[in-house]
Amino acid sequence: MGELLNRWIAGLACYYLVYAIVMNVIPRKEYRVYVKTFMGLLLIVLLLTPVQGLFGKTRDFDSFFWTEEMKRAWNEIRLQGKAGLNETKDQYFRYACQEEIAGQIETLAENMGCSLEEAKVELKEEEEITVKSIEITPKSGAAEKLQEKLAQVYGIGKGDIHVNPAAS
């Protein structure tokens, strides 16, 4: 809890430092309104970060935003598909999404102190991008904690996250 509070305070200190620098560097006063709006939204996210822990909302903001961005891109591709996008591009996009999510999983594992040898993701065949299953092969670290975190972040059951034994 103390580490979380320290990171939160450090984040707020960095925010105010960047805010002060940016506001003094802006050459025209007309731009200040836009910068203040953006910085205000960023401050809201910074302030809500510890609050989400108090209410049991442990889903990572980064993972949420990346997932939402991929869903938005997927919907754009699907709309283009109705206008004549061929199957090869659709498959390529699905592969790119799988690789991006696998990269997110590896980063999340590193942040949790778990080293992965491999992460594979299978997506559902639907209009929206949703994760069907995840397969991880850990090198070291607590794979069970990672499995629980992945279930929370991607909204799938622990049974859909397969942990392979570490390769010797």
# chains A, B, ... in the order shown; residues from 1 in each chain; ligands from 1
>>> residues_around(residues="region 100-113 of chain A", least_positions_apart="6", cutoff="7 Å", atoms="only C-alpha atoms", output="number ranges by chain")
A: 119-121, 141, 146
>>> residues_around(residues="Tyr19 (chain A)", least_positions_apart="2", cutoff="12 Å", atoms="only C-alpha atoms", output="PyMOL selection string")
chain A and resi 12-17+21-26+32+35-40+42-43
>>> write_last_selection(atoms="N, CA and C atoms", output="mmCIF file, in the first residue's frame")
data_model
loop_
_atom_site.group_PDB
_atom_site.id
_atom_site.type_symbol
_atom_site.label_atom_id
_atom_site.label_comp_id
_atom_site.auth_asym_id
_atom_site.auth_seq_id
_atom_site.Cartn_x
_atom_site.Cartn_y
_atom_site.Cartn_z
ATOM 1 N N LEU A 12 1.915 12.458 -9.369
ATOM 2 C CA LEU A 12 1.323 13.792 -9.263
ATOM 3 C C LEU A 12 2.390 14.888 -9.301
ATOM 4 N N ALA A 13 3.528 14.631 -8.658
ATOM 5 C CA ALA A 13 4.620 15.604 -8.681
ATOM 6 C C ALA A 13 5.139 15.793 -10.107
ATOM 7 N N CYS A 14 5.304 14.705 -10.829
ATOM 8 C CA CYS A 14 5.741 14.791 -12.232
ATOM 9 C C CYS A 14 4.706 15.523 -13.072
ATOM 10 N N TYR A 15 3.441 15.243 -12.812
ATOM 11 C CA TYR A 15 2.360 15.908 -13.541
ATOM 12 C C TYR A 15 2.460 17.421 -13.366
ATOM 13 N N TYR A 16 2.568 17.874 -12.121
ATOM 14 C CA TYR A 16 2.604 19.316 -11.874
ATOM 15 C C TYR A 16 3.871 19.950 -12.430
ATOM 16 N N LEU A 17 4.966 19.229 -12.421
ATOM 17 C CA LEU A 17 6.205 19.736 -13.006
ATOM 18 C C LEU A 17 6.041 19.920 -14.514
ATOM 19 N N ILE A 21 5.916 23.501 -16.707
ATOM 20 C CA ILE A 21 6.834 23.727 -17.834
ATOM 21 C C ILE A 21 6.048 24.011 -19.110
ATOM 22 N N VAL A 22 5.054 23.194 -19.387
ATOM 23 C CA VAL A 22 4.275 23.357 -20.620
ATOM 24 C C VAL A 22 3.548 24.700 -20.626
ATOM 25 N N MET A 23 2.968 25.087 -19.527
ATOM 26 C CA MET A 23 2.223 26.344 -19.485
ATOM 27 C C MET A 23 3.146 27.556 -19.655
ATOM 28 N N ASN A 24 4.400 27.436 -19.252
ATOM 29 C CA ASN A 24 5.343 28.544 -19.419
ATOM 30 C C ASN A 24 5.994 28.550 -20.800
ATOM 31 N N VAL A 25 5.951 27.446 -21.499
ATOM 32 C CA VAL A 25 6.585 27.354 -22.812
ATOM 33 C C VAL A 25 5.617 27.710 -23.936
ATOM 34 N N ILE A 26 4.326 27.589 -23.706
ATOM 35 C CA ILE A 26 3.332 27.849 -24.758
ATOM 36 C C ILE A 26 3.434 29.309 -25.194
ATOM 37 N N ARG A 32 -3.507 27.763 -24.627
ATOM 38 C CA ARG A 32 -3.575 27.382 -23.211
ATOM 39 C C ARG A 32 -4.875 26.663 -22.855
ATOM 40 N N VAL A 35 -4.470 23.032 -23.887
ATOM 41 C CA VAL A 35 -3.515 22.348 -23.023
ATOM 42 C C VAL A 35 -4.114 22.122 -21.639
ATOM 43 N N LYS A 36 -4.811 23.105 -21.117
ATOM 44 C CA LYS A 36 -5.443 22.956 -19.800
ATOM 45 C C LYS A 36 -6.498 21.858 -19.822
ATOM 46 N N THR A 37 -7.251 21.758 -20.918
ATOM 47 C CA THR A 37 -8.265 20.706 -21.031
ATOM 48 C C THR A 37 -7.607 19.332 -21.033
ATOM 49 N N PHE A 38 -6.574 19.168 -21.856
ATOM 50 C CA PHE A 38 -5.867 17.888 -21.924
ATOM 51 C C PHE A 38 -5.235 17.542 -20.580
ATOM 52 N N MET A 39 -4.573 18.515 -19.976
ATOM 53 C CA MET A 39 -3.910 18.262 -18.700
ATOM 54 C C MET A 39 -4.940 17.971 -17.602
ATOM 55 N N GLY A 40 -6.107 18.573 -17.690
ATOM 56 C CA GLY A 40 -7.174 18.283 -16.728
ATOM 57 C C GLY A 40 -7.650 16.843 -16.835
ATOM 58 N N LEU A 42 -5.877 14.365 -18.010
ATOM 59 C CA LEU A 42 -4.771 13.548 -17.508
ATOM 60 C C LEU A 42 -4.760 13.537 -15.979
ATOM 61 N N LEU A 43 -5.043 14.666 -15.357
ATOM 62 C CA LEU A 43 -5.099 14.739 -13.891
ATOM 63 C C LEU A 43 -6.216 13.856 -13.344
#
>>> atom_distance(atom1="CA of Glu76 (chain A)", atom2="CA of Ile134 (chain A)")
24.9 Å
>>> closest_residue(among="A:Tyr154, A:Asn75, A:Gln147, A:Gly159", to="Thr130 (chain A)", atoms="only C-alpha atoms")
A:Tyr154
